[in-house]
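One structure is given below, encoded as structure tokens.
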2 protein chains.
Amino acid sequence: MNHKKLIVIKIGGSVITQKDKDRKKIKTENLERICGEIGKAYSKKNFSLIIVHGVGSFGHKIAKKFHLDEGYKNERQLSALPELHKDVCELNREIIKVMQKNDLPAISFPPSALWKLADGKLKGQSTEIIEKHLALGMVPVLHGDLLIDSKKVFSVLSGDQICYYLAKELKSDRVIVGTDLDGIFDSDPKINPEAKLITKISHKNYQKFDIGKSTATDVTSGMKGKLDELLKLADFGVSSEIINANTPGNFERILLGSKIEKKTIVFANTKK
Amino acid sequence: MNHKKLIVIKIGGSVITQKDKDRKKIKTENLERICGEIGKAYSKKNFSLIIVHGVGSFGHKIAKKFHLDEGYKNERQLSALPELHKDVCELNREIIKVMQKNDLPAISFPPSALWKLADGKLKGQSTEIIEKHLALGMVPVLHGDLLIDSKKVFSVLSGDQICYYLAKELKSDRVIVGTDLDGIFDSDPKINPEAKLITKISHKNYQKFDIGKSTATDVTSGMKGKLDELLKLADFGVSSEIINANTPGNFERILLGSKIEKKTIVFANTKK
């Protein structure tokens, strides 16, 4: 491994796809702007980078329809697997193309080929292939996916779980999570206009807040699932930052170490 | 694992891409016909299926230009990796789309995410993910790729190597290799019009023939490389059949057990 700082970025599925639409649709403008920002920062500063993206409307709709998030229930579900993989791969390929156009040496690693799960959890799976590509100066790109599961036949692996796992195993220096909100709120800001942004979260103050599910259809349980993973990461000693990826400039600023007005930091309990 | 017969199919890169052209180009008509034939046979007969495809002009040109087939030589080569992966993924995605249109439950497993090499060889790498997907009734699709190599930093893995490895590890019942020739000839039929088709090859008669390289640009050494892998497989007890995939009906007939006029059988030395 080289000794550059490692940053793990998550780009939420709702940021780059129209999650509410029935048709799969990429938010092209957002995707190009975000990849442009990341590319610019990557060319200016010397760090290693892993990018994980959600799959939004390219995965969640079909996963919901066939209850793939509940693991194997019946034969009928299996008929959905090829299409799901094809759709997710289609989104991933467009993202890779835009990343490469913005000078990011992005290479895709579908988690369904890399790993298998045990009862929905990534555990003891090798990160060697990812690490070796990082060492060659590549930017590994991963995404939410449907994996073989030793207990449930198959399980959904969320982008947030991937972030947590890689950040932990590779001892990431920073984790940046781009969502369609300014960070974590004390209630759902899409329903409650009085919802307040929580700028700092740790295990200590987490219990105070009633943090529910995000409104968007999300088989990986939205903000709650995200925060659970980030709190586990905090236990391990890695802080993470949740930012609004819809706000132009946010990704570039945070990667370059500039201040951004609104964000949530999930603080590590201990220094790693 | 289920107990259906397993067939491993290789589709040569020269069959589905214009290898001689500078531009990457899919032979759409061939691709659709071949996937149609395989799909029809798959729906009629009860067997498990793995499909491996070459990458033709979507991989070999850039691999040649940057000498990627020789392993790591210099930093400059690394700049070619992201584009190579993107191009190969582009071809693979089109193939998967056509396969699914023809009712094949095809799911892609990029070897660069599945495995790593040691001095250009696949050895001791897990096939569990492939096997589990087979058991779910999926058709795993793999392709020639560029993999991390513990000795050479990276190495090219050919579709033929993948065929050999999977057929051996998974104890395949049949291996069918679709090329742009009727089989193996005693000299290069693209240069020598007198070249004769060898209908049966085994270790015993192999030495008699002067089997050179195929004419097409191929960093994985064409027919010679193919035959080397198939002879290793014969040693292991698995026979293989080399057919002309450009001949309409060949794939369907051979999968359904019908006779085809011209082909080469590489005979197993021992029954597996």
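So you can find residues: chains in the structure tokens are A, B, ... in the order shown, residues in each start at 1, and ligands are numbered from 1 in order.
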
Hey, could you make a per-residue contact list for chain B against chain A with 9 Å as the cut-off, showing the nearest pair of atoms and its distance in Å to one decimal, counting only C-alpha atoms, sorted by chain and number, as CSV?
residue,atom,partner,partner_atom,distance
B:Glu75,CA,A:Leu136,CA,9.0
B:Leu78,CA,A:Leu136,CA,7.2
B:Ser79,CA,A:Pro105,CA,7.6
B:Leu81,CA,A:Pro105,CA,7.9
B:Pro82,CA,A:Pro105,CA,5.4
B:Glu83,CA,A:Gln100,CA,7.8
B:His85,CA,A:Ile107,CA,6.5
B:Lys86,CA,A:Ile107,CA,7.3
B:Cys89,CA,A:Arg93,CA,7.5
B:Glu90,CA,A:Arg93,CA,7.4
B:Arg93,CA,A:Glu90,CA,7.4
B:Ile96,CA,A:Lys86,CA,7.3
B:Lys97,CA,A:Lys86,CA,7.3
B:Gln100,CA,A:Pro82,CA,7.5
B:Leu104,CA,A:Pro82,CA,8.7
B:Pro105,CA,A:Pro82,CA,5.4
B:Ala106,CA,A:Pro82,CA,5.8
B:Ile107,CA,A:Pro82,CA,5.5
B:Ser108,CA,A:His85,CA,7.8
B:Phe109,CA,A:Ala113,CA,5.4
B:Pro110,CA,A:Ala113,CA,6.9
B:Pro111,CA,A:Ala113,CA,8.0
B:Ser112,CA,A:Phe109,CA,7.8
B:Ala113,CA,A:Leu114,CA,5.2
B:Leu114,CA,A:Ala113,CA,5.2
B:Trp115,CA,A:Ile129,CA,7.9
B:Lys116,CA,A:Ile129,CA,7.2
B:Ile129,CA,A:Ala113,CA,6.9
B:Ile130,CA,A:Ala113,CA,8.4
B:Lys132,CA,A:Ile148,CA,7.0
B:His133,CA,A:Ile148,CA,7.5
B:Leu136,CA,A:Leu78,CA,7.2
B:Gly137,CA,A:Leu78,CA,8.0
B:Met138,CA,A:Pro82,CA,7.6
B:Val139,CA,A:Pro82,CA,8.8
B:Leu147,CA,A:Ile129,CA,8.8
B:Ile148,CA,A:Ile129,CA,7.0
B:Val153,CA,A:Lys132,CA,8.6

Please produce an output containing C-alpha atoms for each residue in the selection, written as a PDB file, in the first residue's frame.
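Produced file again_0.pdb, reproduced below:
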ATOM      1  CA  GLU B  75       4.009   3.852 -14.955  1.00  0.00           C
ATOM      2  CA  LEU B  78      -1.249   2.271 -15.622  1.00  0.00           C
ATOM      3  CA  SER B  79      -2.940   5.146 -17.443  1.00  0.00           C
ATOM      4  CA  LEU B  81      -6.122   0.447 -17.096  1.00  0.00           C
ATOM      5  CA  PRO B  82      -9.290   2.477 -16.470  1.00  0.00           C
ATOM      6  CA  GLU B  83     -10.066   2.800 -20.186  1.00  0.00           C
ATOM      7  CA  HIS B  85     -11.800  -1.876 -17.989  1.00  0.00           C
ATOM      8  CA  LYS B  86     -14.427   0.579 -19.209  1.00  0.00           C
ATOM      9  CA  CYS B  89     -17.348  -3.582 -19.466  1.00  0.00           C
ATOM     10  CA  GLU B  90     -19.104  -1.801 -22.340  1.00  0.00           C
ATOM     11  CA  ARG B  93     -22.921  -5.047 -20.955  1.00  0.00           C
ATOM     12  CA  ILE B  96     -25.576  -9.379 -21.270  1.00  0.00           C
ATOM     13  CA  LYS B  97     -28.425  -7.287 -22.688  1.00  0.00           C
ATOM     14  CA  GLN B 100     -31.284 -11.510 -21.381  1.00  0.00           C
ATOM     15  CA  LEU B 104     -30.791 -16.388 -20.667  1.00  0.00           C
ATOM     16  CA  PRO B 105     -30.614 -15.405 -16.957  1.00  0.00           C
ATOM     17  CA  ALA B 106     -27.168 -13.935 -17.573  1.00  0.00           C
ATOM     18  CA  ILE B 107     -25.246 -12.196 -14.785  1.00  0.00           C
ATOM     19  CA  SER B 108     -21.805 -10.704 -15.278  1.00  0.00           C
ATOM     20  CA  PHE B 109     -18.838 -11.570 -13.062  1.00  0.00           C
ATOM     21  CA  PRO B 110     -15.772  -9.542 -14.042  1.00  0.00           C
ATOM     22  CA  PRO B 111     -12.723 -11.728 -13.330  1.00  0.00           C
ATOM     23  CA  SER B 112     -10.804  -8.633 -12.129  1.00  0.00           C
ATOM     24  CA  ALA B 113     -13.203  -8.463  -9.173  1.00  0.00           C
ATOM     25  CA  LEU B 114     -13.394 -12.228  -8.618  1.00  0.00           C
ATOM     26  CA  TRP B 115      -9.783 -13.304  -8.705  1.00  0.00           C
ATOM     27  CA  LYS B 116      -6.116 -12.469  -8.687  1.00  0.00           C
ATOM     28  CA  ILE B 129     -19.649 -17.220  -6.009  1.00  0.00           C
ATOM     29  CA  ILE B 130     -19.991 -18.636  -9.530  1.00  0.00           C
ATOM     30  CA  LYS B 132     -23.805 -20.434  -5.925  1.00  0.00           C
ATOM     31  CA  HIS B 133     -25.219 -18.392  -8.784  1.00  0.00           C
ATOM     32  CA  LEU B 136     -29.773 -20.442  -8.287  1.00  0.00           C
ATOM     33  CA  GLY B 137     -30.310 -21.095 -11.988  1.00  0.00           C
ATOM     34  CA  MET B 138     -28.313 -18.112 -13.203  1.00  0.00           C
ATOM     35  CA  VAL B 139     -25.958 -18.131 -16.191  1.00  0.00           C
ATOM     36  CA  LEU B 147      -6.159  -8.861 -13.153  1.00  0.00           C
ATOM     37  CA  ILE B 148      -3.926  -8.070 -10.230  1.00  0.00           C
ATOM     38  CA  VAL B 153       1.678  -6.508 -10.672  1.00  0.00           C
TER      39      VAL B 153
END

Please provide as a PyMOL selection string all residues within 10 Å of B:Ala167, with the sequence filter that same-chain residues fewer than 6 positions apart are discarded (counting only C-alpha atoms). chain B and resi 6-9+50+161+173-175+230+233+236+238+240

To test your reading of the structure, identify every residue in stretch 111-178 of chain B that backbone DSSP assigns to strand (DSSP E), and report it as a PyMOL selection string. chain B and resi 139-143+145-149+153-157+174-178

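Within the 8 Å cut-off around A:Ser158, using only C-alpha atoms and omitting residues fewer than 5 positions from it on the same chain, the listed residues are Gly54, His143, Gly144, Asp145 and Thr220 of chain A.
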
C-alpha atoms of the current selection, written as a PDB file, in the first residue's frame:
ATOM      1  CA  GLY A  54     -26.104   3.993  -4.332  1.00  0.00           C
ATOM      2  CA  HIS A 143     -22.125   0.111  -5.513  1.00  0.00           C
ATOM      3  CA  GLY A 144     -25.094  -1.287  -3.662  1.00  0.00           C
ATOM      4  CA  ASP A 145     -25.673  -4.803  -4.934  1.00  0.00           C
ATOM      5  CA  THR A 220     -31.574  -0.157   2.717  1.00  0.00           C
TER       6      THR A 220
END

For A:Phe251, work out the shell of residues within 8 Å, counting only C-alpha atoms and skipping chain neighbours fewer than 6 positions away, then give it as a PyMOL selection string. chain A and resi 34+37-38+178+243+245
